[in-house]
Structures are given as C-alpha cells and as structure tokens.
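Visitor: Coordinates in upload.txt, compact mmCIF, C-alpha atoms, are listed below.
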```
# COMPACT_ATOMS: atom_id res chain seq x y z
CA MET A 219 21.34 65.17 14.29
CA GLU A 220 23.74 67.01 16.60
CA PHE A 221 27.38 67.92 16.12
CA PRO A 222 29.53 67.69 19.29
CA THR A 223 31.09 70.92 20.50
CA GLU A 224 33.79 71.75 23.02
CA ILE A 225 35.51 74.86 24.29
CA VAL A 226 39.25 74.64 24.91
CA GLY A 227 40.75 77.86 26.27
CA GLU A 228 39.54 80.67 24.05
CA LYS A 229 38.60 78.46 21.13
CA GLY A 230 35.36 76.65 20.43
CA TYR A 231 35.37 73.46 18.36
CA ILE A 232 32.57 71.98 16.28
CA HIS A 233 33.11 68.39 15.19
CA ILE A 234 31.21 67.74 11.98
CA THR A 235 30.38 64.05 12.14
CA SER A 236 28.44 63.62 8.89
CA ASP A 237 28.39 64.90 5.33
CA LEU A 238 27.49 68.58 5.18
CA ASP A 239 25.04 68.40 2.32
CA THR A 240 21.50 68.42 3.69
CA GLU A 241 19.21 70.79 5.53
CA VAL A 242 19.39 68.52 8.59
CA ALA A 243 23.20 68.75 8.67
CA GLY A 244 23.07 72.51 7.98
CA GLU A 245 20.69 73.00 10.91
CA ALA A 246 22.93 70.88 13.14
CA LEU A 247 25.86 73.17 12.25
CA ARG A 248 23.83 76.32 12.96
CA SER A 249 22.69 74.93 16.29
CA ALA A 250 26.23 73.85 17.33
CA PHE A 251 27.59 77.24 16.23
CA ASN A 252 24.93 79.10 18.26
CA GLU A 253 25.77 77.04 21.34
CA ILE A 254 29.40 78.24 21.27
CA PHE A 255 28.77 81.72 19.87
CA ASP A 256 26.14 82.50 22.52
CA GLN A 257 28.71 81.76 25.25
CA GLY A 258 30.85 84.60 23.91
CA THR A 259 33.50 82.53 22.11
CA ARG A 260 34.69 84.37 19.03
CA THR A 261 37.31 81.97 17.67
CA ILE A 262 35.57 78.90 16.35
CA VAL A 263 37.23 75.93 14.67
CA LEU A 264 35.37 73.55 12.35
CA ASP A 265 36.64 69.99 12.36
CA LEU A 266 35.38 68.61 9.05
CA SER A 267 37.20 65.28 9.31
CA GLY A 268 33.89 63.42 9.67
CA ALA A 269 32.54 64.75 6.35
CA GLN A 270 33.20 63.02 3.06
CA ILE A 271 31.31 65.60 1.01
CA ILE A 272 30.23 69.23 1.35
CA ASN A 273 27.88 70.83 -1.18
CA SER A 274 26.93 74.42 -1.91
CA TYR A 275 24.22 74.27 0.76
CA GLY A 276 26.76 73.22 3.41
CA ILE A 277 29.25 75.83 2.19
CA GLY A 278 26.53 78.48 2.47
CA LYS A 279 26.02 77.48 6.10
CA VAL A 280 29.77 77.62 6.80
CA LEU A 281 29.95 81.10 5.28
CA SER A 282 26.96 82.20 7.29
CA CYS A 283 28.97 81.25 10.42
CA TYR A 284 31.98 83.11 8.99
CA GLN A 285 29.95 86.27 8.46
CA ARG A 286 28.46 86.21 11.94
CA LEU A 287 31.92 85.91 13.48
CA LYS A 288 33.45 88.52 11.19
CA ALA A 289 30.74 91.01 12.18
CA GLU A 290 32.02 90.73 15.75
CA ARG A 291 35.73 90.65 14.83
CA GLY A 292 35.85 86.93 15.42
CA VAL A 293 37.58 84.21 13.40
CA LEU A 294 36.29 81.02 11.81
CA MET A 295 39.03 78.45 11.29
CA VAL A 296 39.14 74.90 10.00
CA LYS A 297 41.17 71.90 11.08
CA PRO A 298 43.51 70.58 8.35
CA LEU A 299 41.31 69.27 5.54
CA ASN A 300 41.49 66.00 3.66
CA GLY A 301 40.14 64.25 0.60
CA PHE A 302 37.24 65.54 -1.43
CA VAL A 303 36.29 68.20 1.14
CA LYS A 304 39.78 69.67 0.77
CA GLU A 305 39.44 69.57 -3.02
CA THR A 306 36.09 71.37 -2.82
CA PHE A 307 37.51 74.07 -0.52
CA GLU A 308 40.43 74.61 -2.91
CA LEU A 309 38.17 74.72 -5.99
CA LEU A 310 36.04 77.43 -4.39
CA MET A 311 39.12 79.14 -2.88
CA LEU A 312 37.68 78.84 0.60
CA ASP A 313 41.13 77.69 1.74
CA LYS A 314 42.24 81.30 1.19
CA LEU A 315 39.41 82.61 3.31
CA LEU A 316 39.35 80.30 6.32
CA PRO A 317 42.67 79.86 8.14
CA ILE A 318 43.83 76.38 9.04
CA GLU A 319 44.30 75.65 12.71
CA LYS A 320 47.76 74.09 12.98
CA MET B 71 23.65 30.00 -12.12
CA GLN B 72 24.08 27.33 -9.46
CA LEU B 73 25.38 28.75 -6.20
CA SER B 74 27.97 26.59 -4.47
CA ARG B 75 27.63 25.46 -0.85
CA PRO B 76 28.48 28.08 1.79
CA HIS B 77 32.20 28.02 2.49
CA ILE B 78 33.18 29.01 6.02
CA LEU B 79 36.52 29.50 7.73
CA LEU B 80 36.81 28.99 11.48
CA ALA B 81 39.89 30.55 13.10
CA ASP B 82 40.18 29.09 16.57
CA SER B 83 43.05 27.41 18.42
CA ASP B 84 40.80 25.36 20.72
CA ALA B 85 40.55 21.76 19.44
CA LYS B 86 37.30 21.16 21.39
CA SER B 87 35.61 24.00 19.51
CA HIS B 88 36.63 22.50 16.17
CA GLU B 89 34.52 19.40 16.73
CA VAL B 90 31.48 21.36 17.91
CA PHE B 91 31.60 23.73 14.93
CA ARG B 92 32.35 20.96 12.42
CA SER B 93 29.39 18.91 13.60
CA PHE B 94 27.10 21.97 13.52
CA PHE B 95 28.08 23.08 10.00
CA GLU B 96 28.23 19.59 8.49
CA ARG B 97 24.64 18.95 9.60
CA ARG B 98 23.65 21.92 7.43
CA GLY B 99 25.74 20.82 4.49
CA TRP B 100 28.09 23.79 4.77
CA ASP B 101 31.84 23.46 4.07
CA LEU B 102 34.12 24.29 6.98
CA GLU B 103 37.86 24.92 6.97
CA ILE B 104 39.78 25.43 10.19
CA ALA B 105 42.79 27.64 10.93
CA THR B 106 44.47 27.13 14.30
CA ASP B 107 46.85 30.11 14.33
CA ALA B 108 47.73 33.37 12.54
CA SER B 109 49.89 31.63 9.99
CA ASN B 110 47.16 29.10 9.09
CA LEU B 111 44.61 31.91 8.89
CA GLY B 112 46.76 33.94 6.49
CA GLN B 113 47.41 30.92 4.32
CA ALA B 114 43.72 29.96 4.15
CA LEU B 115 42.69 33.51 3.18
CA GLU B 116 45.31 33.60 0.45
CA THR B 117 44.33 30.33 -1.15
CA SER B 118 40.51 30.28 -0.79
CA VAL B 119 37.54 32.62 -0.88
CA PHE B 120 35.16 32.28 2.06
CA ASP B 121 31.59 33.40 2.44
CA ILE B 122 32.33 34.18 6.05
CA VAL B 123 35.15 33.93 8.57
CA ILE B 124 34.35 33.16 12.22
CA ALA B 125 37.33 34.00 14.40
CA ASP B 126 38.15 33.69 18.08
CA ALA B 127 39.37 37.06 19.38
CA THR B 128 41.49 35.32 22.04
CA MET B 129 43.76 33.22 19.82
CA PRO B 130 47.28 33.08 21.34
CA GLY B 131 49.67 35.70 19.97
CA MET B 132 46.99 37.64 18.15
CA SER B 133 45.08 40.63 19.58
CA PRO B 134 41.63 41.49 18.15
CA SER B 135 43.12 44.42 16.19
CA MET B 136 45.85 42.15 14.75
CA LEU B 137 43.15 39.66 13.80
CA LEU B 138 41.16 42.34 11.96
CA GLY B 139 44.29 43.61 10.21
CA HIS B 140 45.18 40.07 9.19
CA VAL B 141 41.77 39.38 7.67
CA PHE B 142 40.98 42.75 6.06
CA ARG B 143 44.45 43.27 4.55
CA LYS B 144 44.15 39.95 2.75
CA ARG B 145 40.42 40.18 2.01
CA PRO B 146 39.01 43.74 2.18
CA GLY B 147 35.29 43.65 2.95
CA GLN B 148 35.39 40.01 4.13
CA ALA B 149 32.32 39.06 6.21
CA LEU B 150 33.78 38.37 9.65
CA ILE B 151 32.18 37.28 12.93
CA VAL B 152 34.38 37.75 15.99
CA MET B 153 33.92 35.55 19.07
CA GLY B 154 35.11 36.71 22.48
CA GLU B 155 35.01 35.40 26.02
CA SER B 156 33.27 38.55 27.25
CA ALA B 157 32.74 41.04 24.45
CA SER B 158 31.79 44.20 26.37
CA SER B 159 29.40 46.53 24.57
CA GLU B 160 32.22 49.07 24.24
CA ASN B 161 34.64 46.61 22.66
CA GLY B 162 31.90 45.13 20.55
CA PHE B 163 30.94 48.56 19.27
CA LYS B 164 34.58 49.30 18.41
CA LEU B 165 34.84 46.04 16.48
CA LEU B 166 31.61 46.71 14.59
CA ARG B 167 32.88 50.16 13.62
CA SER B 168 36.04 48.47 12.30
CA GLY B 169 33.98 46.61 9.72
CA VAL B 170 33.22 43.38 11.59
CA THR B 171 29.90 41.77 10.61
CA ASP B 172 28.95 40.75 14.14
CA VAL B 173 30.40 40.10 17.60
CA ILE B 174 29.32 37.07 19.65
CA THR B 175 30.33 35.73 23.05
CA LYS B 176 31.36 32.26 24.13
CA PRO B 177 29.74 29.86 24.83
CA VAL B 178 28.29 30.32 21.37
CA ASP B 179 24.55 30.51 20.89
CA PHE B 180 24.37 28.41 17.71
CA THR B 181 20.84 29.52 16.82
CA TRP B 182 22.07 33.10 16.80
CA LEU B 183 25.25 32.15 14.95
CA GLU B 184 23.27 30.34 12.28
CA ARG B 185 21.15 33.45 11.71
CA CYS B 186 24.27 35.68 11.50
CA VAL B 187 25.96 33.34 9.05
CA GLU B 188 22.87 32.99 6.85
CA GLN B 189 22.39 36.76 6.78
CA ALA B 190 26.04 37.44 5.93
CA ILE B 191 26.04 34.79 3.21
CA SER B 192 22.79 36.11 1.74
CA CYS B 193 24.21 39.68 1.55
CA ARG B 194 27.43 38.45 -0.02
CA ARG B 195 25.62 36.33 -2.59
CA GLN B 196 23.31 39.23 -3.48
CA ASP B 197 26.34 41.51 -4.05
CA GLU B 198 27.96 38.82 -6.20
CA ARG B 199 24.81 38.38 -8.30
CA GLU B 200 24.51 42.14 -8.87
CA LYS B 201 28.16 42.41 -9.90
CA GLN B 202 27.86 39.44 -12.26
CA THR B 203 24.67 40.80 -13.82
CA TYR B 204 26.12 44.23 -14.33
CA ALA B 205 29.18 42.85 -16.10
CA PHE B 206 26.86 42.03 -19.02
CA VAL B 207 24.98 45.34 -19.12
CA THR B 208 25.83 47.52 -22.09
CA CYS B 209 22.97 49.97 -21.66
CA GLU B 210 20.87 51.06 -18.71
CA GLN B 211 18.17 53.63 -18.26
CA THR B 212 16.43 54.52 -15.01
CA GLU B 213 13.85 57.12 -14.09
CA MET B 214 12.89 58.39 -10.68
CA GLN B 215 10.40 61.00 -9.58
CA PHE B 216 10.17 62.75 -6.22
CA SER B 217 7.98 65.48 -4.82
CA CYS B 218 9.70 68.45 -3.21
CA LYS B 219 8.26 67.29 0.13
CA GLN B 220 9.90 63.88 -0.29
CA LEU B 221 13.20 65.45 -1.31
CA GLY B 222 13.03 67.68 1.75
CA GLU B 223 12.78 64.57 3.93
CA VAL B 224 15.43 62.29 2.41
CA GLN B 225 19.01 62.79 3.52
CA ALA B 226 20.56 62.46 0.07
CA ILE B 227 19.58 60.80 -3.18
CA SER B 228 21.47 57.64 -3.95
CA LEU B 229 21.86 56.76 -7.62
CA PRO B 230 22.21 52.96 -8.02
CA ILE B 231 24.10 53.41 -11.29
CA LEU B 232 26.99 55.06 -9.41
CA ARG B 233 27.37 52.07 -7.07
CA ARG B 234 27.38 49.71 -10.04
CA LEU B 235 29.92 51.76 -11.99
CA LEU B 236 32.12 51.81 -8.88
CA ASP B 237 31.79 48.04 -8.41
CA SER B 238 32.71 47.41 -12.03
CA GLN B 239 35.65 49.85 -11.63
CA GLN B 240 34.45 52.11 -14.42
CA ILE B 241 34.71 55.12 -12.13
CA THR B 242 36.92 55.88 -9.15
CA ASP B 243 35.73 56.75 -5.64
CA THR B 244 36.53 60.42 -6.26
CA GLU B 245 34.65 60.48 -9.57
CA ALA B 246 31.64 58.89 -7.87
CA LEU B 247 31.75 61.53 -5.12
CA LYS B 248 32.02 64.32 -7.71
CA ILE B 249 29.07 63.02 -9.73
CA ARG B 250 27.06 62.56 -6.53
CA LEU B 251 27.84 66.16 -5.61
CA ALA B 252 26.86 67.44 -9.09
CA VAL B 253 23.53 65.57 -8.89
CA GLN B 254 22.90 67.02 -5.43
CA GLU B 255 23.57 70.52 -6.73
CA ALA B 256 21.23 70.04 -9.69
CA VAL B 257 18.49 68.59 -7.48
CA LEU B 258 18.95 71.40 -4.97
CA ASN B 259 18.52 73.97 -7.77
CA ALA B 260 15.49 72.11 -9.12
CA VAL B 261 13.80 72.06 -5.71
CA GLU B 262 14.77 75.46 -4.37
CA HIS B 263 14.95 77.71 -7.41
CA GLY B 264 12.75 75.73 -9.82
CA ASN B 265 9.86 74.35 -7.82
CA LEU B 266 9.90 76.41 -4.61
CA GLU B 267 10.76 79.62 -6.53
CA LEU B 268 13.21 80.77 -3.86
CA GLU B 269 15.60 83.64 -4.56
CA SER B 270 19.30 83.35 -3.73
CA ARG B 271 19.51 86.93 -2.40
CA TRP B 272 17.30 85.85 0.54
CA LYS B 273 20.24 83.84 1.87
CA GLU B 274 21.97 87.11 2.74
CA GLU B 275 19.05 88.37 4.84
CA MET B 276 19.85 87.05 8.28
CA HIS B 277 17.43 86.90 11.21
CA ALA B 278 18.23 86.31 14.91
CA GLY B 279 20.04 83.06 15.67
CA GLY B 280 21.56 82.90 12.20
CA LEU B 281 18.33 81.83 10.48
CA ASP B 282 18.18 83.40 7.02
CA LYS B 283 15.09 84.48 5.08
CA PHE B 284 15.78 81.84 2.42
CA SER B 285 15.61 78.96 4.94
CA GLN B 286 12.53 80.44 6.57
CA ILE B 287 10.57 80.75 3.29
CA ARG B 288 11.86 77.34 2.17
CA ARG B 289 10.22 75.78 5.23
CA GLU B 290 6.97 77.66 4.63
CA ARG B 291 6.78 76.56 1.01
CA LEU B 292 7.61 72.94 1.83
CA ALA B 293 4.54 73.04 4.10
CA ASP B 294 2.39 74.51 1.29
CA PRO B 295 1.05 71.70 -0.98
CA SER B 296 0.93 74.00 -4.03
CA PHE B 297 4.74 74.14 -3.87
CA ALA B 298 5.59 70.92 -1.99
CA ASN B 299 3.76 68.61 -4.41
CA ARG B 300 5.70 69.83 -7.44
CA SER B 301 7.96 67.08 -8.66
CA VAL B 302 11.57 66.59 -9.69
CA LYS B 303 12.32 63.91 -12.27
CA LEU B 304 15.71 62.22 -12.42
CA SER B 305 16.65 60.06 -15.36
CA SER B 306 19.98 58.42 -15.97
CA THR B 307 21.22 56.74 -19.13
CA PHE B 308 24.39 54.73 -19.44
CA ASN B 309 25.41 53.33 -22.82
CA GLY B 310 28.68 51.74 -21.81
CA GLU B 311 30.73 54.87 -22.49
CA THR B 312 28.68 57.89 -21.50
CA LEU B 313 26.67 58.55 -18.38
CA GLU B 314 23.94 61.17 -18.72
CA ILE B 315 21.86 62.26 -15.75
CA SER B 316 18.97 64.66 -16.33
CA ILE B 317 17.15 66.55 -13.61
CA ARG B 318 13.91 68.28 -14.50
CA ASP B 319 11.69 70.48 -12.33
CA GLU B 320 8.24 72.02 -12.78
CA GLY B 321 9.37 75.61 -12.41
CA ARG B 322 9.41 78.41 -14.95
CA GLY B 323 13.09 78.04 -15.86
CA PHE B 324 15.77 80.68 -15.71
CA LEU B 325 17.21 80.80 -19.28
CA ASN B 326 20.67 79.68 -18.19
CA THR B 327 21.63 83.03 -16.72
CA GLN B 328 23.44 81.34 -13.85
CA GLN B 329 26.86 80.63 -15.32
CA ALA B 330 29.72 79.02 -13.45
CA SER B 331 31.48 81.93 -11.82
CA VAL B 332 35.22 82.14 -11.33
CA PRO B 333 35.70 81.46 -7.62
CA GLN B 334 37.16 84.31 -5.63
CA ALA B 335 38.47 84.17 -2.10
CA GLN B 336 36.62 87.43 -1.40
CA ASN B 337 33.27 85.97 -2.46
CA LEU B 338 31.49 85.84 0.87
CA SER B 339 28.04 85.32 -0.56
CA CYS B 340 26.16 82.35 0.89
CA SER B 341 25.06 81.25 -2.60
CA GLY B 342 26.22 80.92 -6.22
CA ARG B 343 28.67 78.03 -6.05
CA GLY B 344 26.48 75.21 -7.31
CA MET B 345 27.32 75.72 -10.99
CA THR B 346 31.06 75.74 -10.26
CA LEU B 347 30.76 72.44 -8.42
CA MET B 348 28.67 70.92 -11.22
CA THR B 349 30.96 71.95 -14.06
CA ASN B 350 33.99 70.72 -12.15
CA ALA B 351 32.42 67.31 -11.55
CA VAL B 352 31.29 66.31 -15.04
CA ASP B 353 32.38 66.87 -18.64
CA GLU B 354 29.29 68.79 -19.79
CA VAL B 355 26.39 70.61 -18.18
CA ARG B 356 23.53 71.25 -20.62
CA PHE B 357 20.36 73.23 -19.99
CA SER B 358 17.09 72.78 -21.84
CA LEU B 359 13.39 73.59 -21.48
CA ASN B 360 14.15 77.18 -20.55
CA GLY B 361 16.52 76.04 -17.84
CA SER B 362 14.05 73.77 -16.04
CA GLU B 363 16.01 70.71 -17.15
CA VAL B 364 19.72 70.21 -16.67
CA THR B 365 21.71 67.28 -18.04
CA LEU B 366 25.03 66.24 -16.54
CA VAL B 367 27.26 64.32 -18.92
CA LYS B 368 30.25 62.22 -17.90
CA TYR B 369 32.37 60.43 -20.49
CA LEU B 370 33.84 57.29 -19.00
CA THR B 371 37.18 55.87 -19.94
CA LYS B 372 38.53 52.58 -18.74
CA GLN B 373 40.65 52.85 -15.58
CA GLY B 374 44.32 53.09 -16.31
CA SER B 375 43.89 53.92 -19.99
```
Written as structure tokens, how would this file's structure read?
Guide:
Amino acid sequence: MEFPTEIVGEKGYIHITSDLDTEVAGEALRSAFNEIFDQGTRTIVLDLSGAQIINSYGIGKVLSCYQRLKAERGVLMVKPLNGFVKETFELLMLDKLLPIEK
Amino acid sequence: MQLSRPHILLADSDAKSHEVFRSFFERRGWDLEIATDASNLGQALETSVFDIVIADATMPGMSPSMLLGHVFRKRPGQALIVMGESASSENGFKLLRSGVTDVITKPVDFTWLERCVEQAISCRRQDEREKQTYAFVTCEQTEMQFSCKQLGEVQAISLPILRRLLDSQQITDTEALKIRLAVQEAVLNAVEHGNLELESRWKEEMHAGGLDKFSQIRRERLADPSFANRSVKLSSTFNGETLEISIRDEGRGFLNTQQASVPQAQNLSCSGRGMTLMTNAVDEVRFSLNGSEVTLVKYLTKQGS
C-alpha cells in the first residue's frame, strides 16, 4: 500500500486513500511522510478524505509525524475533516492540536 | 422459498436491439421489460423491482452520469450493466467506481452478458436470502479464534453480525463504525499488550526514519512462534436487544489499570487513546480474567424510537 504525495510550493501533501487502522496503512503513512520530510519540507498536510475510520494505532502514527515535525519547528496540518474521522479527532481533541488547512 | 424467475430491465432506444435481447432472454425463461427512454426507465424502476438493469449508455438525451443518477436515485444499490459503443478502460473504470456492476461494449457478447447477469442475480438473491433469514433471528452467538500471526496479516476483522444489524436497520452506519472501531481497539490491545507483551512507553522511543521501538519489537515477536501462536478469541452474542462482544487473549492481564483518560489537546503521547475510543463507542466496557478479557456491550433500540 502506498499513499500518494505531492509538494505544492512550500507544502507537502499526503493523500490517505484507505482507512488508517492497520500496520500496513501506518507503514504507508510513515513511508509517505519520510518521502516529503527527507526533501526538507517542513509543512505537511494530511488529506484524510479517503479514510472512513482511524483507530488509536493510526492516531499514534499521525502524532509520530507531528512530533518529528515539531522537533524541527515544522507544522503538521490536516485538510478539513468529515464524518467519523472528524468525530474521532474531536473526541480526542486532536482538532485543537493539528491546524486545518483552509 | 420458491425464487421467482429473473426479472430484467433493458433500457435501450434501439428497436433492433429489443428483438435480439428479447429472444435471448426468453430462451432462458427470464422475464424482460423494455424502457425506450429516460421517462420509461424512471417509470419502470418506480413500479417494479428488477434483478438487474442493462442500459445503453448512448440513449438520446441521457449521458452516462445522468443514467446512473436516474437508476441509483430510484433504486440505490441496483445491479446495473452499462453498454457502450466503445467503453474505454478509463471510462469503464469510472463507471465501475460509481457502483456499476459491469461495463460491456456493443456488439454485445451474449455469452459474457449471460455470465454477468447470472453472477449479479446470484449475488442479489444471496443478499435477499440472508436478509430474510435474519429477520427471524432472535438470538445469535458466534465465536472466532485467531493467532497473533493471523491477526498481524489481516487488514481488519469483519464481524458478520454488524453487517446483519445494519441490513436489518437495528444500527446506523455511524454506530456500526463505532462498534467496529471499539472491536479493533480491543483486539489491538489483546494482541499487542496481552499476547505480545509490548509496552506502550516503547512507542515514544523513536529510531531513525521514524520507526519506534514498539513497532520494531512487535515485528520481532510476530516472527517468534512463542508469541505469534498465542490466540485471541472473539465471541459475539446478540439476543435481540443487546449486543455483547468479548475479546480474550492469552496474556497475563493488567488488572484494569488502563482507564479511559480525559482527552487533552496537549497529550502528544503516541499511545493511550484506545480506552477512550472504546468507551465512547459502546454502552459498557467490562474487564474480567485479570484484564485478559474485555466485553463490549451495546444496547440496541429500534431506529427512530
């Protein structure tokens, strides 16, 4: 499994195209993140519109990305969220932690 | 239960096609209705239920997307075969992603069409039988057992009871997603903390490339038969009002020290959210056997009550 990435200007985008609830999906996120991070991009946007569900494992992987960026004064953002993924972010107050890219 | 003859709707404006299709389907004893334009098609879908609709994508005054909208608005989930003059792989792929059963080109290969129709009808009839059977079920109990190795390989566990409760409208889509998430969390705990004896604090110890110590040891233990062969048992019981799903591992237990924490925006830890997700999804979370068994309880009420 691979998640498509793109760099537009100073921002890197990771398009999550499946549920973020398995080790395979978590590894795909780490790999996509490394691809952008290793090119020096320090503002990374997660597009979670392709995920219907995110569990604690997936959230752990997202926060791992957040911590790596924060350590280098970078920013992890998310595209506007929808549905159950939005509800999960709000329940865990991650919406207060990760800014929304307008 | 006697199944009726397959009932098929052909939407095509070409009179020559009507005769060819009619002769083909009548030889097989299948019922065929014909709609020659958008208005006929809409009317037929409103008044009858069809096993499958076969529609020409080039009917005058109706683009393929209009055709799909027409069919799926009236009959969500309708089995639909779209015929085109030259269905390119790109267009065909788009149509399939839009929920179409199959895409075929003209002139029609009737051997292929027959196979498509039989397959679609068989799937539809199977769904109908399952729904009808489940309408009479007042109690159901299932048990499943997986090794950690198997659970490491499957993408996600699918609980058949959730699909059936959704089909019988006893739970909503969101409730089904929440229960699925709670089961995932419980299974994850059973595998990682119960059977593989992994410690959450290892998630914070990061190696190069963002690989944490937890993931690294997880892989090692999944390759070690003394850990990987330990099992997780899932049992679900539904008595018509209450759904109980128990997940039991072969670990030493943890005495229920992991309580649902109040979420905080400043909580940057990579772990510790599973309990919050579980307690939010179901009505009760019970621990037993020293914490090596967790039971998720959901009380079901009829929709709209």
Visitor: I need the contact residues of chain A against chain B, so if you could list those with any atom within 9 Å, counting only C-alpha atoms, and return them as a ChimeraX atom specification, that would help.
Guide: /A:239-243,248-249,252,270-275,277-286,301-302,306,309-315
Visitor: Between A:Leu238, A:Val263, A:Ile318, A:Ala246, which residue has the minimum interatomic distance to A:Val226, considering only C-alpha atoms?
Guide: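 Residue with the minimum atom-to-atom distance to A:Val226: A:Val263.
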Visitor: If I take atom CA of B:Phe91 and atom CA of B:Asp172, how far is one from the other in Å, to one decimal?
Guide: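 So the two atoms, atom CA of B:Phe91 and atom CA of B:Asp172, lie 17.2 Å apart.
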Visitor: With a distance cut-off of 6 Å and all atoms listed in the file, select the neighbouring residues of stretch 317-319 of chain B, excluding the residue or stretch itself and same-chain residues fewer than 6 positions from it, and output the selection as a PyMOL selection string.
Guide: chain B and resi 260+264+302-304+362-364
Visitor: Take the point (30.3, 77.3, 20.0) as written in the file and pick out every residue within 9 Å of it, counting only C-alpha atoms; give the list as a tab-separated table (two decimals) with C-alpha atoms, in the coordinates of the input.
Guide:
```tsv
chain	number	residue	atom	x	y	z
A	223	THR	CA	31.09	70.92	20.50
A	224	GLU	CA	33.79	71.75	23.02
A	225	ILE	CA	35.51	74.86	24.29
A	229	LYS	CA	38.60	78.46	21.13
A	230	GLY	CA	35.36	76.65	20.43
A	231	TYR	CA	35.37	73.46	18.36
A	232	ILE	CA	32.57	71.98	16.28
A	249	SER	CA	22.69	74.93	16.29
A	250	ALA	CA	26.23	73.85	17.33
A	251	PHE	CA	27.59	77.24	16.23
A	252	ASN	CA	24.93	79.10	18.26
A	253	GLU	CA	25.77	77.04	21.34
A	254	ILE	CA	29.40	78.24	21.27
A	255	PHE	CA	28.77	81.72	19.87
A	256	ASP	CA	26.14	82.50	22.52
A	257	GLN	CA	28.71	81.76	25.25
A	258	GLY	CA	30.85	84.60	23.91
A	259	THR	CA	33.50	82.53	22.11
A	260	ARG	CA	34.69	84.37	19.03
A	261	THR	CA	37.31	81.97	17.67
A	262	ILE	CA	35.57	78.90	16.35
A	263	VAL	CA	37.23	75.93	14.67
```
